[in-house]
Structures are given as structure tokens and as C-alpha cells.
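Data file: coords-v7.cif. Format and content: mmCIF, C-alpha atoms.
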```
data_coords
loop_
_atom_site.label_atom_id
_atom_site.label_comp_id
_atom_site.auth_asym_id
_atom_site.auth_seq_id
_atom_site.Cartn_x
_atom_site.Cartn_y
_atom_site.Cartn_z
CA MET A 127 19.34 40.91 -12.60
CA ARG A 128 21.23 37.73 -13.49
CA LEU A 129 19.71 34.66 -15.06
CA HIS A 130 19.44 31.58 -12.87
CA LYS A 131 20.24 28.16 -14.31
CA ILE A 132 17.85 25.52 -12.99
CA GLY A 133 19.84 22.69 -11.41
CA ILE A 134 19.13 19.50 -9.55
CA ASP A 135 18.62 21.32 -6.22
CA ASP A 136 15.81 23.36 -7.77
CA VAL A 137 14.14 20.21 -9.07
CA LEU A 138 14.55 18.33 -5.78
CA ALA A 139 13.10 21.23 -3.80
CA ASP A 140 9.77 20.78 -5.61
CA LEU A 141 9.58 16.98 -5.35
CA PRO A 142 7.41 15.57 -2.53
CA GLU A 143 8.62 13.55 0.43
CA VAL A 144 7.73 9.94 1.10
CA ILE A 145 4.87 10.01 3.63
CA PRO A 146 2.50 7.46 5.21
CA VAL A 147 -0.02 6.14 2.70
CA SER A 148 -2.45 8.87 1.74
CA THR A 149 -6.23 8.98 1.85
CA ALA A 150 -6.52 9.65 -1.88
CA ARG A 151 -9.46 7.95 -3.64
CA PRO A 152 -8.06 7.17 -7.08
CA GLU A 153 -10.06 6.31 -10.13
CA LEU A 154 -7.53 3.61 -11.00
CA VAL A 155 -4.95 1.62 -9.02
CA LEU A 156 -2.17 -0.33 -10.76
CA SER A 157 -0.56 -3.17 -8.85
CA ALA A 158 1.39 -6.38 -9.54
CA LEU A 159 0.19 -9.86 -8.62
CA GLY A 160 3.43 -10.79 -6.87
CA PHE A 161 4.39 -13.68 -4.63
CA GLU A 162 5.56 -11.64 -1.62
CA ASP A 163 3.41 -11.45 1.51
CA ARG A 164 3.09 -7.69 1.06
CA ALA A 165 1.70 -7.95 -2.49
CA PRO A 166 -1.95 -7.08 -1.65
CA ALA A 167 -1.14 -4.78 1.31
CA VAL A 168 -1.50 -1.39 -0.39
CA VAL A 169 -4.71 -2.40 -2.14
CA ALA A 170 -6.09 -3.60 1.20
CA ASP A 171 -5.10 -0.29 2.82
CA LEU A 172 -6.77 1.72 0.07
CA SER A 173 -9.86 -0.45 0.34
CA THR A 174 -10.37 0.55 3.97
CA LEU A 175 -10.40 4.17 2.78
CA GLY A 176 -13.27 3.48 0.38
CA THR A 177 -11.14 3.61 -2.78
CA PHE A 178 -12.96 0.85 -4.65
CA GLU A 179 -16.48 2.18 -4.21
CA ASN A 180 -15.93 3.81 -7.60
CA GLY A 181 -12.33 2.94 -8.50
CA GLN A 182 -10.87 -0.08 -10.29
CA LEU A 183 -7.71 -2.16 -10.00
CA CYS A 184 -5.44 -2.95 -12.95
CA LEU A 185 -3.63 -6.10 -11.85
CA ILE A 186 -0.44 -7.02 -13.69
CA ARG A 187 0.46 -10.71 -13.94
CA TYR A 188 4.08 -11.75 -14.32
CA PRO A 189 5.20 -14.36 -16.87
CA THR A 190 7.09 -16.17 -14.07
CA ASN A 191 6.16 -17.73 -10.70
CA ALA A 192 2.51 -18.15 -11.70
CA GLU A 193 1.64 -20.61 -8.92
CA ASP A 194 3.36 -18.52 -6.24
CA ASN A 195 1.67 -15.34 -7.45
CA GLU A 196 -1.87 -16.69 -7.76
CA LYS A 197 -2.06 -17.49 -4.04
CA HIS A 198 -2.69 -13.77 -3.45
CA TYR A 199 -5.38 -13.35 -6.11
CA ASP A 200 -8.29 -14.00 -3.75
CA GLU A 201 -6.91 -11.40 -1.33
CA PHE A 202 -6.92 -8.80 -4.11
CA CYS A 203 -10.48 -9.77 -5.07
CA SER A 204 -11.63 -9.49 -1.47
CA ALA A 205 -9.96 -6.10 -1.00
CA VAL A 206 -11.56 -4.50 -4.06
CA GLY A 207 -14.99 -6.04 -3.48
CA GLY A 208 -15.12 -8.61 -6.24
CA GLU A 209 -13.44 -9.86 -9.40
CA ASP A 210 -15.49 -7.47 -11.54
CA LYS A 211 -13.43 -4.58 -10.12
CA ILE A 212 -10.20 -6.08 -11.50
CA ILE A 213 -8.78 -5.36 -14.96
CA PRO A 214 -6.18 -8.07 -15.63
CA ILE A 215 -3.15 -7.60 -17.84
CA ASN A 216 -0.51 -10.21 -18.62
CA TYR A 217 3.00 -8.86 -18.96
CA GLU A 218 4.41 -9.41 -22.45
CA ARG A 219 7.47 -7.33 -23.17
CA HIS A 220 6.73 -6.58 -26.83
CA ASP A 221 3.29 -4.98 -26.30
CA PHE A 222 2.93 -4.35 -22.57
CA GLN A 223 3.19 -0.57 -22.72
CA ALA A 224 0.66 -0.36 -25.57
CA GLN A 225 -1.83 -2.57 -23.70
CA LEU A 226 -1.36 -0.55 -20.54
CA GLY A 227 -1.95 2.71 -22.36
CA GLU A 228 -5.26 1.40 -23.73
CA ILE A 229 -6.39 0.36 -20.24
CA ILE A 230 -5.51 3.74 -18.75
CA ASN A 231 -7.25 5.66 -21.54
CA ALA A 232 -10.36 3.51 -21.22
CA ASN A 233 -10.64 3.65 -17.43
CA CYS A 234 -9.22 6.97 -16.32
CA THR A 235 -10.38 10.44 -17.25
CA GLU A 236 -8.13 13.48 -17.54
CA ASN A 237 -6.77 14.94 -14.29
CA HIS A 238 -8.22 12.14 -12.16
CA SER A 239 -6.21 10.36 -9.51
CA VAL A 240 -4.16 7.22 -10.26
CA VAL A 241 -2.17 5.18 -7.73
CA LEU A 242 0.82 3.13 -8.86
CA ASP A 243 1.56 0.45 -6.26
CA ILE A 244 5.23 -0.48 -6.68
CA SER A 245 5.48 -2.78 -3.64
CA THR A 246 6.15 -5.96 -5.65
CA MET A 247 6.80 -4.45 -9.07
CA SER A 248 9.98 -5.69 -10.72
CA SER A 249 12.14 -3.13 -12.52
CA TYR A 250 11.24 -4.46 -15.96
CA VAL A 251 7.55 -3.87 -15.18
CA PHE A 252 7.92 -0.64 -13.19
CA PHE A 253 9.80 1.41 -15.77
CA PRO A 254 7.42 0.96 -18.73
CA THR A 255 4.45 1.40 -16.39
CA PHE A 256 5.79 4.62 -14.87
CA PHE A 257 6.71 6.17 -18.22
CA CYS A 258 3.34 5.22 -19.66
CA LEU A 259 1.62 7.02 -16.77
CA MET A 260 3.91 10.03 -17.17
CA GLU A 261 2.52 10.60 -20.66
CA GLN A 262 -1.05 10.83 -19.31
CA ASP A 263 -2.51 14.01 -17.83
CA ILE A 264 -3.41 12.61 -14.39
CA ASP A 265 -2.93 13.14 -10.67
CA LEU A 266 -0.29 10.50 -9.89
CA HIS A 267 0.46 8.92 -6.53
CA ILE A 268 3.13 6.27 -5.87
CA ALA A 269 2.32 3.75 -3.13
CA TYR A 270 4.72 1.32 -1.49
CA CYS A 271 4.53 -1.24 1.32
CA GLU A 272 7.68 -2.31 3.11
CA ALA A 273 8.34 -5.95 3.88
CA ALA A 274 8.80 -7.01 7.50
CA SER A 275 12.14 -8.58 6.54
CA TYR A 276 14.18 -8.97 3.36
CA GLY A 277 16.18 -11.86 2.01
CA PRO A 278 18.82 -12.94 2.38
CA SER A 279 18.97 -12.74 6.16
CA LYS A 280 22.29 -11.88 7.77
CA GLU A 281 22.69 -15.49 8.84
CA GLU A 282 22.00 -16.79 5.32
CA TRP A 283 24.45 -14.36 3.76
CA GLU A 284 27.18 -15.10 6.28
CA GLY A 285 26.69 -18.83 5.72
CA VAL A 286 27.22 -18.48 1.97
CA ALA A 287 30.20 -16.19 2.48
CA ALA A 288 31.78 -18.65 4.91
CA ARG A 289 31.30 -21.57 2.53
CA ALA A 290 32.81 -19.54 -0.30
CA ASP A 291 35.89 -18.83 1.83
CA GLU A 292 36.23 -22.48 2.80
CA GLU A 293 35.81 -23.74 -0.75
CA ARG A 294 37.87 -20.92 -2.25
CA GLU A 295 35.11 -20.14 -4.71
CA LEU A 296 34.33 -16.74 -6.08
CA LEU A 297 31.75 -15.16 -3.80
CA VAL A 298 29.85 -13.95 -6.89
CA GLN A 299 29.38 -17.53 -8.10
CA SER A 300 28.51 -18.74 -4.61
CA PHE A 301 25.64 -16.28 -4.34
CA GLU A 302 24.35 -17.19 -7.78
CA ASN A 303 24.29 -20.81 -6.66
CA ALA A 304 22.46 -19.79 -3.48
CA GLU A 305 19.65 -18.31 -5.66
CA PHE A 306 18.41 -15.93 -2.98
CA GLN A 307 16.48 -13.65 -5.32
CA SER A 308 16.16 -15.22 -8.76
CA HIS A 309 17.16 -18.13 -10.97
CA GLY A 310 18.99 -17.62 -14.24
CA ILE A 311 18.64 -14.85 -16.83
CA ASP A 312 16.03 -14.98 -19.56
CA VAL A 313 16.92 -11.79 -21.43
CA VAL A 314 18.90 -8.55 -21.08
CA TYR A 315 17.96 -5.52 -23.18
CA PRO A 316 18.28 -1.72 -23.40
CA TYR A 317 15.26 0.42 -22.61
CA ALA A 318 15.45 4.09 -23.56
CA PRO A 319 12.12 5.70 -22.60
CA CYS A 320 13.21 9.29 -23.14
CA TYR A 321 16.13 8.74 -25.49
CA GLU A 322 16.97 11.77 -27.64
CA TYR A 323 20.66 11.61 -28.33
CA SER A 324 23.21 9.13 -29.59
CA SER A 325 26.66 8.65 -28.14
CA ALA A 326 27.78 7.35 -31.56
CA ASN A 327 31.17 5.67 -31.18
CA ARG A 328 32.10 7.44 -27.96
CA PRO A 329 32.65 5.35 -24.83
CA THR A 330 29.71 4.86 -22.47
CA LEU A 331 29.69 5.30 -18.71
CA VAL A 332 27.62 2.63 -16.95
CA VAL A 333 26.16 3.20 -13.49
CA ALA A 334 25.34 -0.11 -11.79
CA VAL A 335 22.87 -0.25 -8.89
CA PRO A 336 23.38 -3.75 -7.44
CA ASN A 337 21.52 -6.06 -5.08
CA PHE A 338 22.28 -9.61 -3.93
CA ASN A 339 22.11 -11.01 -7.46
CA PRO A 340 25.58 -10.38 -8.90
CA ILE A 341 25.14 -12.57 -11.99
CA ARG A 342 22.06 -10.65 -13.14
CA MET A 343 23.90 -7.39 -12.45
CA SER A 344 27.04 -8.37 -14.32
CA ALA A 345 24.98 -9.62 -17.28
CA MET A 346 23.57 -6.11 -17.79
CA VAL A 347 26.99 -4.49 -17.46
CA ARG A 348 28.46 -6.97 -19.98
CA LYS A 349 25.66 -6.31 -22.46
CA ALA A 350 26.24 -2.56 -22.16
CA ASP A 351 29.92 -3.19 -22.84
CA GLU A 352 29.03 -5.28 -25.89
CA LEU A 353 26.52 -2.89 -27.47
CA GLU A 354 27.47 0.55 -26.14
CA ASN A 355 31.27 0.54 -25.96
CA ALA A 356 31.15 0.75 -22.17
CA GLU A 357 34.57 1.14 -20.57
CA PHE A 358 35.60 -0.40 -17.25
CA ASP A 359 37.30 2.76 -15.98
CA LEU A 360 34.05 4.68 -16.56
CA GLN A 361 32.00 2.27 -14.45
CA HIS A 362 30.29 3.58 -11.30
CA TRP A 363 28.38 1.74 -8.58
CA VAL A 364 25.59 3.03 -6.33
CA VAL A 365 24.94 0.82 -3.28
CA GLY A 366 21.68 1.20 -1.35
CA VAL A 367 21.58 2.25 2.31
CA PRO A 368 18.49 0.90 4.15
CA PRO A 369 16.65 3.25 6.54
CA ASP A 370 16.53 0.67 9.35
CA PRO A 371 19.82 0.50 11.33
CA ALA A 372 19.24 -3.23 11.78
CA ASN A 373 19.84 -3.62 8.04
CA GLU A 374 23.02 -1.57 7.82
CA TRP A 375 25.04 -4.78 7.41
CA ARG A 376 23.52 -5.11 3.92
CA VAL A 377 25.61 -2.21 2.59
CA GLU A 378 28.95 -3.97 3.02
CA ALA A 379 27.37 -7.33 2.16
CA VAL A 380 26.18 -6.03 -1.23
CA LYS A 381 29.64 -4.60 -1.90
CA ARG A 382 31.32 -7.92 -1.14
CA THR A 383 28.69 -9.94 -3.01
CA ASN A 384 29.36 -7.88 -6.14
CA ASN A 385 33.14 -7.98 -5.70
CA LEU A 386 33.51 -4.22 -5.16
CA GLY A 387 36.37 -4.40 -2.66
CA ASN A 388 38.86 -2.84 -5.07
CA THR A 389 36.51 -0.20 -6.47
CA GLY A 390 37.87 3.26 -5.75
CA SER A 391 35.86 5.74 -3.68
CA ALA A 392 35.43 8.04 -6.69
CA HIS A 393 33.49 5.28 -8.43
CA LEU A 394 31.62 3.88 -5.42
CA HIS A 395 28.58 5.77 -4.14
CA THR A 396 25.70 5.20 -1.73
CA ALA A 397 22.06 6.29 -1.84
CA SER A 398 19.10 5.71 0.42
CA THR A 399 16.86 2.78 -0.48
CA PHE A 400 13.90 4.84 0.81
CA ASP A 401 14.27 8.49 -0.22
CA TYR A 402 14.02 8.38 -4.03
CA ARG A 403 15.31 11.96 -4.26
CA GLU A 404 18.72 10.89 -2.97
CA MET A 405 19.13 8.50 -5.90
CA LEU A 406 18.25 11.32 -8.30
CA ARG A 407 20.84 13.58 -6.65
CA VAL A 408 23.61 10.94 -6.70
CA LEU A 409 23.00 10.04 -10.35
CA ASP A 410 23.00 13.69 -11.35
CA GLY A 411 26.30 14.16 -9.51
CA ILE A 412 27.86 11.28 -11.46
CA TRP A 413 26.48 12.68 -14.71
CA THR A 414 27.75 16.20 -13.95
CA ASP A 415 31.27 14.98 -13.17
CA ASN A 416 31.40 12.86 -16.34
CA ARG A 417 29.14 14.69 -18.79
CA TYR A 418 31.84 15.03 -21.44
CA ALA A 419 32.98 11.40 -21.24
CA GLY A 420 30.46 10.02 -23.74
CA GLY A 421 27.23 8.05 -23.39
CA PHE A 422 25.42 7.39 -20.12
CA SER A 423 23.69 4.14 -19.13
CA ILE A 424 22.17 2.75 -15.94
CA ALA A 425 21.81 -0.90 -14.97
CA SER A 426 19.60 -0.92 -11.90
CA LEU A 427 18.52 -3.70 -9.55
CA GLY A 428 17.96 -1.27 -6.70
CA SER A 429 15.06 -0.90 -4.30
CA LYS A 430 11.56 -0.01 -5.45
CA LEU A 431 11.87 3.63 -4.38
CA GLN A 432 15.38 3.88 -5.83
CA GLN A 433 13.86 2.91 -9.17
CA LEU A 434 11.57 5.93 -8.91
CA GLY A 435 14.65 8.13 -8.60
CA VAL A 436 16.24 6.38 -11.59
CA ALA A 437 13.10 6.95 -13.67
CA MET A 438 13.09 10.66 -12.87
CA PHE A 439 16.78 10.91 -13.75
CA CYS A 440 16.00 9.39 -17.15
CA ARG A 441 13.40 12.09 -17.71
CA VAL A 442 15.85 14.82 -16.65
CA HIS A 443 18.72 13.41 -18.72
CA LYS A 444 17.12 12.14 -21.88
CA GLU A 445 20.40 10.80 -23.26
CA THR A 446 20.27 7.97 -20.70
CA THR A 447 19.76 4.33 -21.62
CA LEU A 448 18.41 1.87 -19.04
CA TRP A 449 19.52 -1.73 -19.03
CA LEU A 450 16.86 -4.18 -17.86
CA SER A 451 16.95 -7.91 -17.30
CA GLU A 452 14.30 -10.55 -16.80
CA PRO A 453 15.17 -13.69 -14.82
CA VAL A 454 13.99 -17.16 -15.73
CA GLU A 455 12.21 -17.21 -12.37
CA PHE A 456 12.20 -15.33 -9.07
CA SER A 457 13.03 -17.03 -5.78
CA GLY A 458 9.61 -16.80 -4.20
CA SER A 459 10.43 -18.19 -0.78
CA GLY A 460 13.57 -16.15 -0.11
CA TYR A 461 12.68 -12.69 -1.39
CA SER A 462 10.94 -11.15 1.63
CA LYS A 463 8.62 -12.02 4.49
CA GLY A 464 5.67 -10.27 6.08
CA ARG A 465 4.49 -6.73 5.57
CA GLY A 466 5.56 -3.48 7.17
CA ARG A 467 4.32 0.10 6.86
CA SER A 468 2.72 1.54 3.76
CA TRP A 469 3.98 4.79 2.21
CA SER A 470 3.06 7.12 -0.60
CA VAL A 471 4.59 9.82 -2.80
CA ALA A 472 2.03 12.38 -3.97
CA LEU A 473 3.62 13.33 -7.28
CA GLY A 474 0.44 15.17 -8.25
CA SER A 475 -0.23 16.63 -11.68
CA THR A 476 1.84 14.81 -14.32
CA PRO A 477 1.85 17.85 -16.66
CA ARG A 478 3.39 19.86 -13.82
CA LEU A 479 5.83 17.03 -13.00
CA ARG A 480 6.91 16.81 -16.63
CA GLU A 481 7.43 20.57 -16.69
CA LEU A 482 9.50 20.43 -13.48
CA LEU A 483 11.78 17.62 -14.66
CA ASP A 484 12.14 19.12 -18.14
CA SER A 485 13.10 22.51 -16.66
CA TYR A 486 16.50 21.13 -15.56
CA GLY A 487 19.28 22.94 -17.39
CA SER A 488 17.09 25.83 -18.55
CA TYR A 489 17.43 29.43 -17.44
CA GLU A 490 14.99 31.71 -15.65
CA TRP A 491 14.86 35.20 -14.28
CA PRO A 492 14.89 35.13 -10.48
CA ALA A 493 11.30 35.42 -9.33
CA VAL A 494 10.47 38.65 -7.50
CA GLY A 495 6.81 38.52 -6.56
CA ALA A 496 5.96 36.86 -9.85
CA GLU A 497 6.45 33.59 -11.67
CA SER A 498 9.77 33.21 -13.43
CA ASN A 499 10.06 32.54 -17.14
CA ALA A 500 12.15 29.55 -18.17
CA LEU A 501 14.34 29.90 -21.23
CA SER A 502 15.77 27.26 -23.53
CA PRO A 503 17.83 24.41 -22.02
CA ASP A 504 21.57 24.77 -21.82
CA VAL A 505 23.08 22.17 -24.16
#
```

Turn the structure described in the file into C-alpha cells.
Amino acid sequence: MRLHKIGIDDVLADLPEVIPVSTARPELVLSALGFEDRAPAVVADLSTLGTFENGQLCLIRYPTNAEDNEKHYDEFCSAVGGEDKIIPINYERHDFQAQLGEIINANCTENHSVVLDISTMSSYVFFPTFFCLMEQDIDLHIAYCEAASYGPSKEEWEGVAARADEERELLVQSFENAEFQSHGIDVVYPYAPCYEYSSANRPTLVVAVPNFNPIRMSAMVRKADELENAEFDLQHWVVGVPPDPANEWRVEAVKRTNNLGNTGSAHLHTASTFDYREMLRVLDGIWTDNRYAGGFSIASLGSKLQQLGVAMFCRVHKETTLWLSEPVEFSGSGYSKGRGRSWSVALGSTPRLRELLDSYGSYEWPAVGAESNALSPDV
């Protein structure tokens, strides 16, 4: 009987699908006080299921867009049944994860259900929150509400592109001036939640996951080049593919916005903006094809569910460094409008999820009527 090496297909086979929002009654819900119309949607949905009869809401406040964000505070209060059900936390980069850990330990018992609402959670808040929860022994559910529409609209994008052509400006600079999604860059920094290895002086491959903010994207890539010896010919791009056919135009628009017209097909990839498992598969494929090249970094401004796939990849491949950026301010009026359907990912037991993700690269005897025994990882 031959040993079986656990690969990405084995891991993906045990990861749950994205399904309509579940009827789970969590002990704790974590959400962000964002400015988008959909910000309180998941909490409102959970409220109708009786979640907050015994549960509480940890509400994360951003350091930006305070006035825009606060307009939804009363809706959160109404959904949970009063301000006394809300545990506030102000995001401060230097101690956010420590504060969050204290709140979770104080308000959630072992193996109880926790919902992480990522609907309006920026990447620099999502990643430390997710990895903090992954270290707890809980029953974890991811919740997400779609927007009715996303900015920029096709008409807005085409208008900027046309003006750029007329004025012979770089399209990248034109979209930064348009400020569809954010204004300026406050800070760019590496975040290595599972980091175990050092690439030393070897070159680093950077995987960029862009959106309609090319300046913020390029700032992260430049910083990786500066601090990690990133090389241009090792750069890969993963462009999101929306599930709604009406938004298919965004794929080519993101490519053009980020000046990817001359990027070869071997370095240009696509992944669903909805099925987080596809992002995990694509990233693992890039890693597998380039695993001897040196270090591995990701700069991601992808969709909320793509970020979940990125986070899982970082757990699977602990040599990965994430590059995060915080804007001076988000563009509250142009980000998204309305609310769509709510979805959930029942990740379940975090000890089991950790075991699944950490099993990648290990060996096991093929199971024949009994559980298989994993051996040490293949280095």
C-alpha cells in the first residue's frame, strides 16, 4: 500500500461551500461599522433568527470615515436590541489583535459558535481578525452580504478611460485622480501571521490581487521590492471574476486599470470573487510552479471572499508574507450601493480546520475502512 501525499485537492474537498446565510445562533458576532449600505445587513439577518437573545456583537470602528460610518450605528443597535449588546473596539494597528483576543476570551466559551461578518471589512482589519479567531477553539462561521451594485459603474469607468485617452495620461494616474475607492495611502507594511521561514537574500515572488485602485496596489508591490528583493519577472497577478454576468466587464477593466496589457498569460491568472476555494487553488498553483524561486509574498486588494482564500493559503504555506495597506480615507459615496443576498461559510471547528490546513504536504496511508494517519510534512 503506497503512501498518499496530501495536496491542495484533498484540502479543498473538505472545505465547505458558500451557502445562503445560516440559521446558526452564535455566542458572538464580529462586524465592522462601515459606511456601505450593506454594513448592518448580516447583523439584521441574524437578529431575525433570534441570535441576539443571548449573543453579543463586537463592532469594529475604523480610524477613517468616522462620520460616514456612524450613520449606521443606530441600525446596528436596533438589530441587536440595544447598545448594551454591543462591545465596541477601535481599530489601532499596533494593538488591535491583542484587544480582539481579550474580547473573544472574555465573551466566548470554548467550542461555541462565532460569526465573522466580512461584508464591509477591509483587508487590513480582516486578516488580523481571522487569524486571531483561528487560534481560538470555536465553531466559526463566515458571513457576507453582497452589495446591490459596486463602484465604479461601467459608465464611470468608461468615462475615466475616455478622458485618459483624450488627455494622453496614464490610465493608472487617471483612476487615482478619480478616487473611486480610496484617497491616498497612509501606510504600507508586511503582515506575516503564520511566518516560519526566511527567504534570506533570495528573490521574492509577489502575487498581486488588484482592484480599481492601482496606486494602492503598486505601493504594496514597490514596498515588497524594496524590503524583500522582489523581482519583476517573478511577479504574478490574479484578477477577480464576478459571479454575475452583468459584471464581467470588470475583469478586463481591472486589467487595463492596472496596466496589465503586456503581462504574459503565464503570469496573469483569474479567480472567482465569490468562491474562496478557487483563490486558494490558484495561489497554490502559482506556489507549486515557483516553489524553488525564493520567497513568496501576496499583496491583495481582492474581494472579501477572495481574502478568505488568501488567509487559508497563508496558513497552508507558512512561508508567505502578506502586504497590507491602509488608505488615508475610503471613498464612501462611490464604493457600493444597496444590499444584495447574504451568504455564509460554515467553517466549523477551528481545531479541525487548523488540522486540515496544516495537513497539506504531509503523508498518510490510504484509508480503508479506518481513519488514515498523517505523517510528517514533506519539506

Evaluate the PyMOL selection byres ((chain A and resi 365) around 6) on the structure here and hand back the selected residues as a list of chain:residue names.
A:Val364, A:Gly366, A:Thr396

Leaving out A:Ala167 and any residue of its chain fewer than 6 positions from it, which residues lie within 12 Å of it when counting all atoms listed in the file, given as a PyMOL selection string?
chain A and resi 147+157-160+173-174+198+201-202+204-206+243-246+269-274+464-469

Where does the PyMOL selection byres ((chain A and resi 442) around 12) land in this file, that is, which residues does it pick, as an MDAnalysis selection string?
chainID A and resid 132:134 137:138 319:322 406:407 409:410 413 435:441 443:446 479:488 503

Hey, what comes out of the PyMOL selection byres ((chain A and resi 233) around 10) on this file? Could you write it as a list in words?
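Going through the file, the PyMOL selection byres ((chain A and resi 233) around 10) ends up selecting Glu153, Leu154, Gly181, Gln182, Leu183, Cys184, Ile213, Glu228, Ile229, Ile230, Asn231, Ala232, Cys234 and Thr235 of chain A.
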
List the neighbours of A:Leu434 out to 9 Å using only C-alpha atoms; skip same-chain residues closer than 3 positions along the sequence, and give me the result as a PyMOL selection string.
chain A and resi 252-253+256+268+402-403+405-406+429-431+437-439
